[in-house]
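**Student:** For reference, this is start.pdb, and it has PDB, C-alpha atoms.
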ATOM      1  CA  MET Y   4      19.655  55.422 224.392
ATOM      2  CA  GLU Y   5      22.211  55.224 221.628
ATOM      3  CA  LEU Y   6      23.144  57.829 219.051
ATOM      4  CA  ARG Y   7      22.278  55.427 216.236
ATOM      5  CA  GLN Y   8      18.732  55.124 217.638
ATOM      6  CA  LEU Y   9      18.383  58.906 217.532
ATOM      7  CA  ARG Y  10      19.740  58.926 213.998
ATOM      8  CA  TYR Y  11      17.222  56.244 212.949
ATOM      9  CA  PHE Y  12      14.415  58.206 214.627
ATOM     10  CA  VAL Y  13      15.299  61.412 212.771
ATOM     11  CA  THR Y  14      15.719  59.590 209.473
ATOM     12  CA  VAL Y  15      12.313  57.867 209.742
ATOM     13  CA  ALA Y  16      10.718  61.220 210.586
ATOM     14  CA  GLU Y  17      12.367  62.863 207.581
ATOM     15  CA  GLU Y  18      11.624  60.020 205.149
ATOM     16  CA  GLY Y  19       8.103  59.320 206.400
ATOM     17  CA  GLY Y  20       8.533  55.553 206.618
ATOM     18  CA  PHE Y  21      10.736  52.713 207.787
ATOM     19  CA  GLY Y  22      11.457  51.364 204.315
ATOM     20  CA  ARG Y  23      12.699  54.647 202.883
ATOM     21  CA  ALA Y  24      14.678  55.329 206.065
ATOM     22  CA  ALA Y  25      16.296  51.894 205.862
ATOM     23  CA  GLU Y  26      17.247  52.507 202.249
ATOM     24  CA  ARG Y  27      18.837  55.831 203.150
ATOM     25  CA  LEU Y  28      20.684  54.232 206.067
ATOM     26  CA  SER Y  29      21.720  51.200 203.996
ATOM     27  CA  ILE Y  30      20.252  48.700 206.461
ATOM     28  CA  VAL Y  31      17.205  46.429 206.476
ATOM     29  CA  PRO Y  32      13.817  47.907 207.553
ATOM     30  CA  SER Y  33      13.458  45.443 210.442
ATOM     31  CA  ALA Y  34      16.649  46.803 212.051
ATOM     32  CA  VAL Y  35      15.252  50.331 211.904
ATOM     33  CA  SER Y  36      11.924  49.222 213.348
ATOM     34  CA  GLN Y  37      13.613  47.298 216.178
ATOM     35  CA  GLN Y  38      15.801  50.232 217.224
ATOM     36  CA  ILE Y  39      12.884  52.668 217.160
ATOM     37  CA  ALA Y  40      10.881  50.265 219.335
ATOM     38  CA  ARG Y  41      13.739  50.065 221.823
ATOM     39  CA  LEU Y  42      13.993  53.836 221.921
ATOM     40  CA  GLU Y  43      10.257  54.123 222.570
ATOM     41  CA  ARG Y  44      10.514  51.645 225.433
ATOM     42  CA  ALA Y  45      13.503  53.469 226.915
ATOM     43  CA  TRP Y  46      11.701  56.805 226.798
ATOM     44  CA  GLY Y  47       8.259  55.454 227.651
ATOM     45  CA  VAL Y  48       6.602  57.268 224.734
ATOM     46  CA  VAL Y  49       5.265  56.374 221.277
ATOM     47  CA  LEU Y  50       7.216  58.285 218.636
ATOM     48  CA  PHE Y  51       5.229  57.283 215.549
ATOM     49  CA  ASP Y  52       1.606  56.558 214.763
ATOM     50  CA  ARG Y  53       1.775  53.459 212.598
ATOM     51  CA  THR Y  54      -0.881  52.211 210.193
ATOM     52  CA  THR Y  55      -0.731  49.790 207.315
ATOM     53  CA  ARG Y  56      -0.638  52.747 204.965
ATOM     54  CA  ARG Y  57       1.762  55.172 206.588
ATOM     55  CA  VAL Y  58       3.972  56.120 209.466
ATOM     56  CA  ARG Y  59       3.841  59.594 210.884
ATOM     57  CA  LEU Y  60       5.154  61.380 213.961
ATOM     58  CA  SER Y  61       3.039  61.216 217.092
ATOM     59  CA  SER Y  62       2.675  64.333 219.225
ATOM     60  CA  ALA Y  63       5.439  62.971 221.470
ATOM     61  CA  GLY Y  64       7.619  62.275 218.438
ATOM     62  CA  GLU Y  65       7.007  65.774 217.103
ATOM     63  CA  ARG Y  66       8.173  67.200 220.436
ATOM     64  CA  MET Y  67      11.222  64.933 220.640
ATOM     65  CA  LEU Y  68      12.394  65.470 217.060
ATOM     66  CA  PRO Y  69      14.139  68.862 217.581
ATOM     67  CA  GLU Y  70      15.769  67.539 220.747
ATOM     68  CA  ALA Y  71      17.091  64.491 218.894
ATOM     69  CA  ARG Y  72      18.415  66.695 216.101
ATOM     70  CA  ALA Y  73      20.153  68.923 218.656
ATOM     71  CA  VAL Y  74      21.842  65.916 220.269
ATOM     72  CA  LEU Y  75      23.011  64.598 216.910
ATOM     73  CA  ALA Y  76      24.290  68.019 215.898
ATOM     74  CA  ALA Y  77      26.211  68.281 219.173
ATOM     75  CA  ALA Y  78      27.655  64.806 218.645
ATOM     76  CA  ASP Y  79      28.741  65.752 215.137
ATOM     77  CA  ARG Y  80      30.356  68.956 216.419
ATOM     78  CA  THR Y  81      32.153  66.978 219.112
ATOM     79  CA  ALA Y  82      33.470  64.531 216.544
ATOM     80  CA  ARG Y  83      34.698  67.392 214.342
ATOM     81  CA  VAL Y  84      36.460  69.006 217.298
ATOM     82  CA  ALA Y  85      38.107  65.677 218.127
ATOM     83  CA  VAL Y  86      39.352  65.406 214.547
ATOM     84  CA  ASP Y  87      40.688  68.977 214.705
ATOM     85  CA  ILE Y  88      42.387  68.296 218.031
ATOM     86  CA  ALA Y  89      44.040  65.183 216.646
ATOM     87  CA  ALA Y  90      45.234  67.237 213.681
ATOM     88  CA  GLY Y  91      46.410  70.034 215.978
ATOM     89  CA  GLU Y  92      43.967  72.582 214.579
ATOM     90  CA  ASP Y  93      41.979  72.859 217.822
ATOM     91  CA  GLY Y  94      42.559  72.192 221.490
ATOM     92  CA  ILE Y  95      44.157  73.819 224.517
ATOM     93  CA  LEU Y  96      47.834  74.536 225.077
ATOM     94  CA  ARG Y  97      48.768  75.143 228.718
ATOM     95  CA  LEU Y  98      52.081  76.979 228.814
ATOM     96  CA  GLY Y  99      54.179  78.099 231.745
ATOM     97  CA  ILE Y 100      55.887  81.433 231.112
ATOM     98  CA  VAL Y 101      58.833  83.449 232.379
ATOM     99  CA  HIS Y 102      59.007  87.146 233.051
ATOM    100  CA  GLY Y 103      60.654  88.734 230.072
ATOM    101  CA  PRO Y 104      60.238  91.126 227.165
ATOM    102  CA  GLU Y 105      56.541  91.041 226.339
ATOM    103  CA  ASP Y 106      57.082  91.634 222.621
ATOM    104  CA  ARG Y 107      58.855  88.278 222.312
ATOM    105  CA  LEU Y 108      56.005  86.354 223.949
ATOM    106  CA  ASN Y 109      53.478  88.356 221.930
ATOM    107  CA  ARG Y 110      55.228  87.392 218.696
ATOM    108  CA  ILE Y 111      55.186  83.731 219.691
ATOM    109  CA  LEU Y 112      51.484  83.885 220.555
ATOM    110  CA  ALA Y 113      50.751  85.732 217.307
ATOM    111  CA  GLY Y 114      52.460  82.928 215.401
ATOM    112  CA  LEU Y 115      50.337  80.384 217.255
ATOM    113  CA  THR Y 116      47.168  82.275 216.349
ATOM    114  CA  ALA Y 117      48.180  82.462 212.693
ATOM    115  CA  GLY Y 118      49.053  78.767 212.522
ATOM    116  CA  ALA Y 119      46.143  77.424 214.574
ATOM    117  CA  PRO Y 120      43.333  79.987 214.961
ATOM    118  CA  LEU Y 121      41.165  77.605 217.009
ATOM    119  CA  LEU Y 122      43.908  76.650 219.466
ATOM    120  CA  GLN Y 123      43.309  78.088 222.935
ATOM    121  CA  VAL Y 124      46.425  79.118 224.858
ATOM    122  CA  ARG Y 125      46.348  79.278 228.647
ATOM    123  CA  LEU Y 126      49.361  80.954 230.224
ATOM    124  CA  ARG Y 127      50.517  80.147 233.757
ATOM    125  CA  SER Y 128      53.056  82.136 235.743
ATOM    126  CA  LEU Y 129      54.584  79.969 238.481
ATOM    127  CA  PRO Y 130      57.883  79.790 240.378
ATOM    128  CA  VAL Y 131      60.393  77.837 238.347
ATOM    129  CA  ALA Y 132      60.300  74.694 240.504
ATOM    130  CA  GLU Y 133      56.495  74.597 240.373
ATOM    131  CA  ARG Y 134      56.587  75.279 236.641
ATOM    132  CA  LEU Y 135      58.796  72.248 236.010
ATOM    133  CA  ALA Y 136      56.720  70.080 238.355
ATOM    134  CA  ALA Y 137      53.561  71.091 236.477
ATOM    135  CA  VAL Y 138      55.122  69.949 233.190
ATOM    136  CA  ARG Y 139      56.155  66.620 234.718
ATOM    137  CA  SER Y 140      52.631  66.003 236.050
ATOM    138  CA  GLY Y 141      50.947  66.957 232.771
ATOM    139  CA  GLU Y 142      49.290  70.037 234.265
ATOM    140  CA  LEU Y 143      51.222  72.040 231.644
ATOM    141  CA  GLU Y 144      52.132  70.874 228.148
ATOM    142  CA  ALA Y 145      55.350  72.898 228.279
ATOM    143  CA  ALA Y 146      57.011  75.767 230.107
ATOM    144  CA  LEU Y 147      59.553  78.452 229.373
ATOM    145  CA  VAL Y 148      62.347  78.372 231.957
ATOM    146  CA  ARG Y 149      65.461  80.461 232.327
ATOM    147  CA  ALA Y 150      68.972  79.349 233.339
ATOM    148  CA  VAL Y 151      67.898  75.727 233.931
ATOM    149  CA  GLY Y 152      70.725  73.561 232.690
ATOM    150  CA  SER Y 153      68.978  70.268 233.423
ATOM    151  CA  ALA Y 154      65.588  69.090 234.663
ATOM    152  CA  ALA Y 155      65.028  65.488 235.730
ATOM    153  CA  GLY Y 156      62.481  63.691 233.589
ATOM    154  CA  LEU Y 157      62.126  66.556 231.099
ATOM    155  CA  THR Y 158      63.607  67.554 227.780
ATOM    156  CA  LEU Y 159      65.006  71.076 227.474
ATOM    157  CA  LEU Y 160      65.184  72.898 224.160
ATOM    158  CA  PRO Y 161      67.431  76.011 224.213
ATOM    159  CA  LEU Y 162      65.618  78.955 222.646
ATOM    160  CA  TRP Y 163      67.431  82.254 223.157
ATOM    161  CA  ARG Y 164      70.016  84.064 225.234
ATOM    162  CA  ASP Y 165      69.404  87.274 227.139
ATOM    163  CA  PRO Y 166      72.219  89.623 228.119
ATOM    164  CA  LEU Y 167      72.797  90.395 231.766
ATOM    165  CA  HIS Y 168      73.091  93.856 233.270
ATOM    166  CA  VAL Y 169      74.858  95.091 236.372
ATOM    167  CA  ALA Y 170      73.665  97.897 238.636
ATOM    168  CA  VAL Y 171      76.193  99.810 240.750
ATOM    169  CA  PRO Y 172      75.968 103.141 242.550
ATOM    170  CA  ALA Y 173      76.456 106.002 240.110
ATOM    171  CA  SER Y 174      79.031 107.465 242.496
ATOM    172  CA  HIS Y 175      81.213 104.340 242.463
ATOM    173  CA  PRO Y 176      84.356 104.332 240.253
ATOM    174  CA  LEU Y 177      83.028 101.293 238.363
ATOM    175  CA  ALA Y 178      80.186 103.456 237.045
ATOM    176  CA  ALA Y 179      82.728 105.068 234.710
ATOM    177  CA  GLU Y 180      83.303 101.750 232.925
ATOM    178  CA  PRO Y 181      81.198 101.139 229.774
ATOM    179  CA  VAL Y 182      81.159  97.372 230.384
ATOM    180  CA  LEU Y 183      81.757  95.432 233.597
ATOM    181  CA  ARG Y 184      83.266  92.005 234.259
ATOM    182  CA  LEU Y 185      82.844  89.790 237.295
ATOM    183  CA  PRO Y 186      86.458  90.173 238.600
ATOM    184  CA  GLN Y 187      85.901  93.935 238.813
ATOM    185  CA  LEU Y 188      82.941  93.357 241.136
ATOM    186  CA  ALA Y 189      84.556  90.845 243.481
ATOM    187  CA  SER Y 190      85.002  93.249 246.389
ATOM    188  CA  LEU Y 191      81.465  94.659 246.353
ATOM    189  CA  PRO Y 192      78.605  92.951 248.235
ATOM    190  CA  LEU Y 193      76.241  91.206 245.821
ATOM    191  CA  ARG Y 194      72.482  91.576 246.206
ATOM    192  CA  LEU Y 195      71.138  88.228 245.022
ATOM    193  CA  ALA Y 196      67.784  86.570 245.661
ATOM    194  CA  PRO Y 197      67.895  83.590 248.052
ATOM    195  CA  ARG Y 198      68.514  80.298 246.305
ATOM    196  CA  GLU Y 199      65.061  78.963 247.239
ATOM    197  CA  ASP Y 200      63.460  81.822 245.275
ATOM    198  CA  ASN Y 201      65.234  81.088 241.987
ATOM    199  CA  ALA Y 202      67.788  78.309 242.260
ATOM    200  CA  PRO Y 203      68.824  78.215 238.553
ATOM    201  CA  PHE Y 204      69.671  81.925 238.342
ATOM    202  CA  HIS Y 205      71.268  81.926 241.790
ATOM    203  CA  ASP Y 206      73.504  79.024 240.798
ATOM    204  CA  LEU Y 207      74.321  80.576 237.412
ATOM    205  CA  ILE Y 208      75.616  83.808 238.948
ATOM    206  CA  LEU Y 209      77.572  82.293 241.843
ATOM    207  CA  GLY Y 210      78.955  79.561 239.583
ATOM    208  CA  ALA Y 211      80.193  82.183 237.123
ATOM    209  CA  CYS Y 212      81.741  84.176 239.980
ATOM    210  CA  ARG Y 213      83.596  81.099 241.251
ATOM    211  CA  ALA Y 214      84.766  80.266 237.722
ATOM    212  CA  ALA Y 215      86.114  83.816 237.407
ATOM    213  CA  GLY Y 216      87.829  83.586 240.812
ATOM    214  CA  ALA Y 217      85.732  86.510 241.991
ATOM    215  CA  VAL Y 218      83.253  85.448 244.674
ATOM    216  CA  PRO Y 219      81.799  88.655 246.136
ATOM    217  CA  PRO Y 220      80.594  88.993 249.718
ATOM    218  CA  ALA Y 221      76.862  88.539 250.230
ATOM    219  CA  GLY Y 222      74.893  91.734 250.448
ATOM    220  CA  PRO Y 223      71.242  92.273 251.379
ATOM    221  CA  PRO Y 224      68.904  89.982 249.411
ATOM    222  CA  PHE Y 225      67.432  90.976 246.070
ATOM    223  CA  THR Y 226      63.803  91.939 246.802
ATOM    224  CA  GLY Y 227      62.519  92.924 243.379
ATOM    225  CA  LEU Y 228      64.213  94.956 240.686
ATOM    226  CA  GLN Y 229      62.873  98.416 241.457
ATOM    227  CA  ALA Y 230      63.320  98.061 245.217
ATOM    228  CA  THR Y 231      66.828  96.657 244.863
ATOM    229  CA  LEU Y 232      67.974  99.337 242.431
ATOM    230  CA  THR Y 233      66.599 102.031 244.702
ATOM    231  CA  ALA Y 234      68.484 100.520 247.654
ATOM    232  CA  ILE Y 235      71.717 100.409 245.649
ATOM    233  CA  GLY Y 236      71.354 104.099 244.813
ATOM    234  CA  THR Y 237      70.587 105.233 248.351
ATOM    235  CA  ALA Y 238      72.416 102.845 250.722
ATOM    236  CA  PRO Y 239      75.512 104.239 252.457
ATOM    237  CA  THR Y 240      77.522 101.099 251.570
ATOM    238  CA  ALA Y 241      78.177 100.334 247.913
ATOM    239  CA  SER Y 242      76.751  97.093 246.533
ATOM    240  CA  TRP Y 243      75.691  95.663 243.182
ATOM    241  CA  THR Y 244      73.203  93.341 241.595
ATOM    242  CA  VAL Y 245      72.822  91.524 238.300
ATOM    243  CA  PHE Y 246      69.601  91.062 236.348
ATOM    244  CA  TYR Y 247      68.131  90.342 232.940
ATOM    245  CA  GLU Y 248      65.866  92.733 231.103
ATOM    246  CA  VAL Y 249      62.166  92.251 231.691
ATOM    247  CA  ARG Y 250      60.404  95.389 230.475
ATOM    248  CA  GLY Y 251      63.228  97.657 229.476
ATOM    249  CA  LEU Y 252      66.015  99.011 231.635
ATOM    250  CA  PRO Y 253      64.459 101.180 234.344
ATOM    251  CA  PRO Y 254      66.037 104.605 234.923
ATOM    252  CA  VAL Y 255      66.827 104.925 238.624
ATOM    253  CA  PRO Y 256      68.426 108.017 240.189
ATOM    254  CA  ARG Y 257      71.985 107.513 241.467
ATOM    255  CA  VAL Y 258      72.296 104.086 239.844
ATOM    256  CA  ALA Y 259      74.448 103.158 236.844
ATOM    257  CA  LEU Y 260      73.381 100.230 234.652
ATOM    258  CA  ARG Y 261      76.127  98.525 232.678
ATOM    259  CA  PRO Y 262      76.309  95.395 230.470
ATOM    260  CA  LEU Y 263      77.950  92.372 232.088
ATOM    261  CA  ALA Y 264      80.569  90.900 229.779
ATOM    262  CA  GLY Y 265      81.158  87.173 229.371
ATOM    263  CA  LEU Y 266      77.877  85.894 230.773
ATOM    264  CA  ASP Y 267      74.304  85.642 229.568
ATOM    265  CA  VAL Y 268      71.217  83.633 230.504
ATOM    266  CA  THR Y 269      69.520  81.052 228.294
ATOM    267  CA  THR Y 270      65.775  80.493 228.078
ATOM    268  CA  TYR Y 271      64.612  76.924 227.412
ATOM    269  CA  LEU Y 272      61.375  75.208 226.544
ATOM    270  CA  ALA Y 273      60.751  72.328 228.959
ATOM    271  CA  ALA Y 274      58.411  69.450 228.081
ATOM    272  CA  ARG Y 275      58.066  65.762 228.744
ATOM    273  CA  PRO Y 276      60.234  63.426 226.624
ATOM    274  CA  GLY Y 277      58.841  61.848 223.498
ATOM    275  CA  PRO Y 278      57.233  63.130 220.312
ATOM    276  CA  PRO Y 279      55.363  66.397 220.914
ATOM    277  CA  GLY Y 280      51.583  66.426 220.673
ATOM    278  CA  PRO Y 281      49.712  68.474 218.056
ATOM    279  CA  ALA Y 282      49.337  71.629 220.185
ATOM    280  CA  LEU Y 283      52.987  71.537 221.198
ATOM    281  CA  ARG Y 284      54.014  71.103 217.562
ATOM    282  CA  HIS Y 285      52.258  74.378 216.764
ATOM    283  CA  LEU Y 286      54.166  76.067 219.588
ATOM    284  CA  LEU Y 287      57.459  74.679 218.275
ATOM    285  CA  ARG Y 288      56.617  75.913 214.807
ATOM    286  CA  SER Y 289      55.855  79.386 216.172
ATOM    287  CA  LEU Y 290      59.102  79.386 218.155
ATOM    288  CA  HIS Y 291      61.002  78.343 215.033
ATOM    289  CA  GLU Y 292      59.432  81.147 212.994
ATOM    290  CA  GLU Y 293      60.137  83.713 215.705
ATOM    291  CA  GLU Y 294      63.722  82.479 215.942
ATOM    292  CA  SER Y 295      64.177  82.774 212.179
ATOM    293  CA  GLU Y 296      62.812  86.314 212.195
ATOM    294  CA  ALA Y 297      65.075  87.247 215.109
ATOM    295  CA  ARG Y 298      68.100  85.820 213.291
ATOM    296  CA  ARG Y 299      67.305  87.907 210.219
ATOM    297  CA  HIS Y 300      67.018  91.002 212.391
ATOM    298  CA  GLU Y 301      70.210  90.237 214.299
ATOM    299  CA  ALA Y 302      72.097  89.608 211.064
ATOM    300  CA  ALA Y 303      70.975  93.031 209.868
ATOM    301  CA  VAL Y 304      72.236  94.765 213.024
ATOM    302  CA  GLY Y 305      75.235  92.512 213.617
ATOM    303  CA  GLY Y 306      73.994  90.936 216.865
ATOM    304  CA  ARG Y 307      73.335  87.397 218.000
ATOM    305  CA  SER Y 308      71.298  86.148 220.931
ATOM    306  CA  ARG Y 309      69.725  82.938 219.700
ATOM    307  CA  VAL Y 310      70.699  79.407 220.630
ATOM    308  CA  PRO Y 311      70.477  76.874 217.765
ATOM    309  CA  PRO Y 312      68.545  73.688 218.529
ATOM    310  CA  PRO Y 313      70.714  70.611 219.108
ATOM    311  CA  GLU Y 314      71.479  68.477 216.069
ATOM    312  CA  GLY Y 315      68.959  65.692 215.552
ATOM    313  CA  SER Y 316      66.599  67.183 218.091
ATOM    314  CA  ARG Y 317      63.254  65.402 218.502
ATOM    315  CA  TRP Y 318      61.759  68.829 219.008
ATOM    316  CA  SER Y 319      61.054  69.336 215.337
ATOM    317  CA  PRO Y 320      58.022  71.559 214.692
ATOM    318  CA  GLY Y 321      56.920  69.214 211.933
TER
END
With the file now loaded, output its structure as C-alpha cells.
**Tutor:**
Amino acid sequence: MELRQLRYFVTVAEEGGFGRAAERLSIVPSAVSQQIARLERAWGVVLFDRTTRRVRLSSAGERMLPEARAVLAAADRTARVAVDIAAGEDGILRLGIVHGPEDRLNRILAGLTAGAPLLQVRLRSLPVAERLAAVRSGELEAALVRAVGSAAGLTLLPLWRDPLHVAVPASHPLAAEPVLRLPQLASLPLRLAPREDNAPFHDLILGACRAAGAVPPAGPPFTGLQATLTAIGTAPTASWTVFYEVRGLPPVPRVALRPLAGLDVTTYLAARPGPPGPALRHLLRSLHEEESEARRHEAAVGGRSRVPPPEGSRWSPG
C-alpha cells in the first residue's frame, strides 16, 4: 500500500468517478484506475462498484474511506511536523543542566518557550563527566557545565561567571573579615569534594590555591552543602569550604559566609562541533537574550558576571 494509492482512492470517492478524479489529480484516468486496482488486490476487497454509467463506493469502500482519510491526515501532520522541525519551530531539545540559581534557568526556558512554543525541552541532571559523554554520543544536544576549561571533542561557549563563597567557623578570627582571599585560608583544612565527584571544580580550587602559593591541608571531604556547613560550625577543629550559590546562601548557626576575592567559576554550554541544529539555535538565541537582559541589569547596579562569547564564534544564535 502506498500513500498515493490512498489519495487516489479518496479522490475517486469524493469525485464519484475516475475521470474527474484524474482531472483533479492532474494525471490520466488509466493511472488512477490501475492504482485503485492494485490497492484492491493488496487489501483483498472491492472498493468501488463499477458500471458503464457510474462508479460508486462499495460497502467495503465505504468502511475503508474514513480509515484512508485518517491515514492521509496523519501523513500530512507528520510532514508538517517535519517541516517545523527543519525550521526549528518544533522538535525536542535534550539539555544537560547544572545545579544553580533556578531563576536563571527559568528565564532561559521562558525565552525558549517564547521563541519556539512547540519545542519540547527535556532536562537531564547528570554528573559532569556523564553530561559531557552524553553530548559527545548525541544523547544530549547540549549541556551546561561549570568550571570545565576544555572538553575533548566538544565546543565550549562561556556563558556567565558565578562568585564563590567561603564558609568558616563564626568563632574564627577570619570571620571578622568582610572578604577573604586564598592566602588567608592556607593554614586551615579545606573541605573539598573528592576529585572523582567533580573534577573541574576540584581542579579549579586547588589550582587557584597553588597559584596563590596557599595550598591548605586536606580536611574531611565535602559531603553536600548543608551537611558540610553544619560540620564546619560544630567541629572542634576549624576548617573551611568554598562553594557557589545554588539556591541562595543558607543561614547556618555558628558559620560565617564570606565572598572569596579573586576567583569565580564560569558556566559553559557544551555541544558537538559544527553548525548548531535548529533546536540548539533557539537555545542560543534564548541564552543571548538572557545575557543581554543580565548585562542591562548589571550595568544598572554596577556589577558584571557575564562572559562575552569569543570573537567569530560559530555559536551564533542566527
**Student:** Give as a list in words the set of residues within 12 Å of the point (25.6, 58.9, 222.1), where distances use the file's coordinates and all atoms listed in the file.
**Tutor:**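 Residues satisfying the cut-off, written out: Met4, Glu5, Leu6, Arg7, Gln8, Leu9, Arg10, Ala71, Ala73, Val74, Leu75, Ala76, Ala77, Ala78, Asp79, Thr81 and Ala82 of chain Y.
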**Student:** Please indicate the distance in Å from CA of Ala119 (chain Y) to CA of Ile95 (chain Y), rounded to one decimal place.
**Tutor:**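 The value is 10.8 Å.
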**Student:** Kindly give the distance, in Å, that separates CA of Glu248 (chain Y) and CA of Ser153 (chain Y), rounded to a single decimal.
**Tutor:**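 These atoms are spaced 22.8 Å apart.
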**Student:** Step by step: start from the point (56.8, 68.3, 230.7) in the file's coordinates, keep every protein, DNA or RNA residue that has an atom no farther than 6 Å from it, count all atoms listed in the file, and write the set as a PyMOL selection string.
**Tutor:** chain Y and resi 138-139+144-145+157+273-275
**Student:** For the structure shown, which residues end up in the PyMOL selection byres ((chain Y and resi 16) around 10)? Put them as a ChimeraX atom specification, please?
**Tutor:** /Y:10-15,17-21,24,50-51,58-60,64-65,68
**Student:** Take the selection from the previous step and output its residues with C-alpha atoms, as an mmCIF file, in the frame of the given file.
**Tutor:**
data_model
loop_
_atom_site.group_PDB
_atom_site.id
_atom_site.type_symbol
_atom_site.label_atom_id
_atom_site.label_comp_id
_atom_site.auth_asym_id
_atom_site.auth_seq_id
_atom_site.Cartn_x
_atom_site.Cartn_y
_atom_site.Cartn_z
ATOM 1 C CA ARG Y 10 19.740 58.926 213.998
ATOM 2 C CA TYR Y 11 17.222 56.244 212.949
ATOM 3 C CA PHE Y 12 14.415 58.206 214.627
ATOM 4 C CA VAL Y 13 15.299 61.412 212.771
ATOM 5 C CA THR Y 14 15.719 59.590 209.473
ATOM 6 C CA VAL Y 15 12.313 57.867 209.742
ATOM 7 C CA GLU Y 17 12.367 62.863 207.581
ATOM 8 C CA GLU Y 18 11.624 60.020 205.149
ATOM 9 C CA GLY Y 19 8.103 59.320 206.400
ATOM 10 C CA GLY Y 20 8.533 55.553 206.618
ATOM 11 C CA PHE Y 21 10.736 52.713 207.787
ATOM 12 C CA ALA Y 24 14.678 55.329 206.065
ATOM 13 C CA LEU Y 50 7.216 58.285 218.636
ATOM 14 C CA PHE Y 51 5.229 57.283 215.549
ATOM 15 C CA VAL Y 58 3.972 56.120 209.466
ATOM 16 C CA ARG Y 59 3.841 59.594 210.884
ATOM 17 C CA LEU Y 60 5.154 61.380 213.961
ATOM 18 C CA GLY Y 64 7.619 62.275 218.438
ATOM 19 C CA GLU Y 65 7.007 65.774 217.103
ATOM 20 C CA LEU Y 68 12.394 65.470 217.060
#
**Student:** Using only C-alpha atoms, which protein or nucleic acid residues come within 12 Å of Glu133 (chain Y)? Drop anything in the same chain fewer than 4 positions from it, and give the result as a PyMOL selection string.
**Tutor:** chain Y and resi 99-100+127-129+137-140+142-143+146+148+199-201
**Student:** Identify, on the basis of all atoms listed in the file, every residue whose closest approach to Pro262 (chain Y) does not exceed 8 Å; exclude the query and any residue fewer than 6 positions from it along the same chain; express the result as a list in words.
**Tutor:**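 Counting only the stated atoms, we get Pro166, Leu167, His168, Val169, Pro181, Val182 and Leu183 of chain Y.
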**Student:** Would you save the residues of that selection, restricted to C-alpha atoms, as a PDB file, keeping the file's coordinate frame?
**Tutor:**
ATOM      1  CA  PRO Y 166      72.219  89.623 228.119  1.00  0.00           C
ATOM      2  CA  LEU Y 167      72.797  90.395 231.766  1.00  0.00           C
ATOM      3  CA  HIS Y 168      73.091  93.856 233.270  1.00  0.00           C
ATOM      4  CA  VAL Y 169      74.858  95.091 236.372  1.00  0.00           C
ATOM      5  CA  PRO Y 181      81.198 101.139 229.774  1.00  0.00           C
ATOM      6  CA  VAL Y 182      81.159  97.372 230.384  1.00  0.00           C
ATOM      7  CA  LEU Y 183      81.757  95.432 233.597  1.00  0.00           C
TER       8      LEU Y 183
END
**Student:** For the structure provided, state which residues fall under the PyMOL selection byres ((chain Y and resi 117) around 12), and present them as a PDB file with C-alpha atoms, in the frame of the given file.
**Tutor:**
ATOM      1  CA  GLU Y  92      43.967  72.582 214.579  1.00  0.00           C
ATOM      2  CA  ARG Y 110      55.228  87.392 218.696  1.00  0.00           C
ATOM      3  CA  ILE Y 111      55.186  83.731 219.691  1.00  0.00           C
ATOM      4  CA  LEU Y 112      51.484  83.885 220.555  1.00  0.00           C
ATOM      5  CA  ALA Y 113      50.751  85.732 217.307  1.00  0.00           C
ATOM      6  CA  GLY Y 114      52.460  82.928 215.401  1.00  0.00           C
ATOM      7  CA  LEU Y 115      50.337  80.384 217.255  1.00  0.00           C
ATOM      8  CA  THR Y 116      47.168  82.275 216.349  1.00  0.00           C
ATOM      9  CA  GLY Y 118      49.053  78.767 212.522  1.00  0.00           C
ATOM     10  CA  ALA Y 119      46.143  77.424 214.574  1.00  0.00           C
ATOM     11  CA  PRO Y 120      43.333  79.987 214.961  1.00  0.00           C
ATOM     12  CA  LEU Y 121      41.165  77.605 217.009  1.00  0.00           C
ATOM     13  CA  LEU Y 122      43.908  76.650 219.466  1.00  0.00           C
ATOM     14  CA  HIS Y 285      52.258  74.378 216.764  1.00  0.00           C
ATOM     15  CA  LEU Y 286      54.166  76.067 219.588  1.00  0.00           C
ATOM     16  CA  ARG Y 288      56.617  75.913 214.807  1.00  0.00           C
ATOM     17  CA  SER Y 289      55.855  79.386 216.172  1.00  0.00           C
ATOM     18  CA  GLU Y 292      59.432  81.147 212.994  1.00  0.00           C
TER      19      GLU Y 292
END
**Student:** With 3 Å on each side, where is the centre of the axis-aligned box around all listed atoms of region 207-224 of chain Y, and how long are its edges in Å to one decimal, as JSON?
**Tutor:**
{"center_x": 78.4, "center_y": 85.9, "center_z": 244.3, "size_x": 24.9, "size_y": 18.7, "size_z": 20.3}
**Student:** Looking at all atoms listed in the file, which of Y:Ala136, Y:Leu287, Y:Ala282, Y:Ala63 is the one that sits closest to Pro161 (chain Y)?
**Tutor:**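 Of the candidates, the smallest distance to Pro161 (chain Y) is held by Y:Leu287.
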**Student:** Could you state the separation of CA of Glu70 (chain Y) and CA of Asp93 (chain Y) in Å, given to one decimal place?
**Tutor:**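 Pair CA of Glu70 (chain Y) / CA of Asp93 (chain Y) returns 26.9 Å.
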**Student:** I need the residue set behind the PyMOL selection byres ((chain Y and resi 224) around 7) for this file; please write it as a ChimeraX atom specification.
**Tutor:** /Y:194-197,222-223,225-226
**Student:** Please provide the set of residues having any atom within 9 Å of Gly216 (chain Y), restricted to all atoms listed in the file, with same-chain residues fewer than 3 positions apart removed, written as a PyMOL selection string.
**Tutor:** chain Y and resi 185-186+189+211-213
**Student:** Would you mind exporting C-alpha atoms of the selected residues as a CSV table (one decimal), in the frame of the given file?
**Tutor:**
chain,number,residue,atom,x,y,z
Y,185,LEU,CA,82.8,89.8,237.3
Y,186,PRO,CA,86.5,90.2,238.6
Y,189,ALA,CA,84.6,90.8,243.5
Y,211,ALA,CA,80.2,82.2,237.1
Y,212,CYS,CA,81.7,84.2,240.0
Y,213,ARG,CA,83.6,81.1,241.3
**Student:** Can you tell me, as a list in words, what residues are no more than 12 Å from Ala217 (chain Y) when counting all atoms listed in the file, ignoring any on the same chain fewer than 6 positions away?
**Tutor:**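 The residues satisfying every condition are Arg184, Leu185, Pro186, Gln187, Leu188, Ala189, Ser190, Leu191, Pro192, Leu193, Ile208, Leu209, Gly210 and Ala211 of chain Y.
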**Student:** Go through Y:Ala154, Y:Ala202, Y:Val245, Y:Ala178 one by one, measure the shortest atom-to-atom distance of each to Tyr271 (chain Y) using all atoms listed in the file, and give the residue with the smallest value.
**Tutor:**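 That would be Y:Ala154, the residue with the smallest distance to Tyr271 (chain Y).
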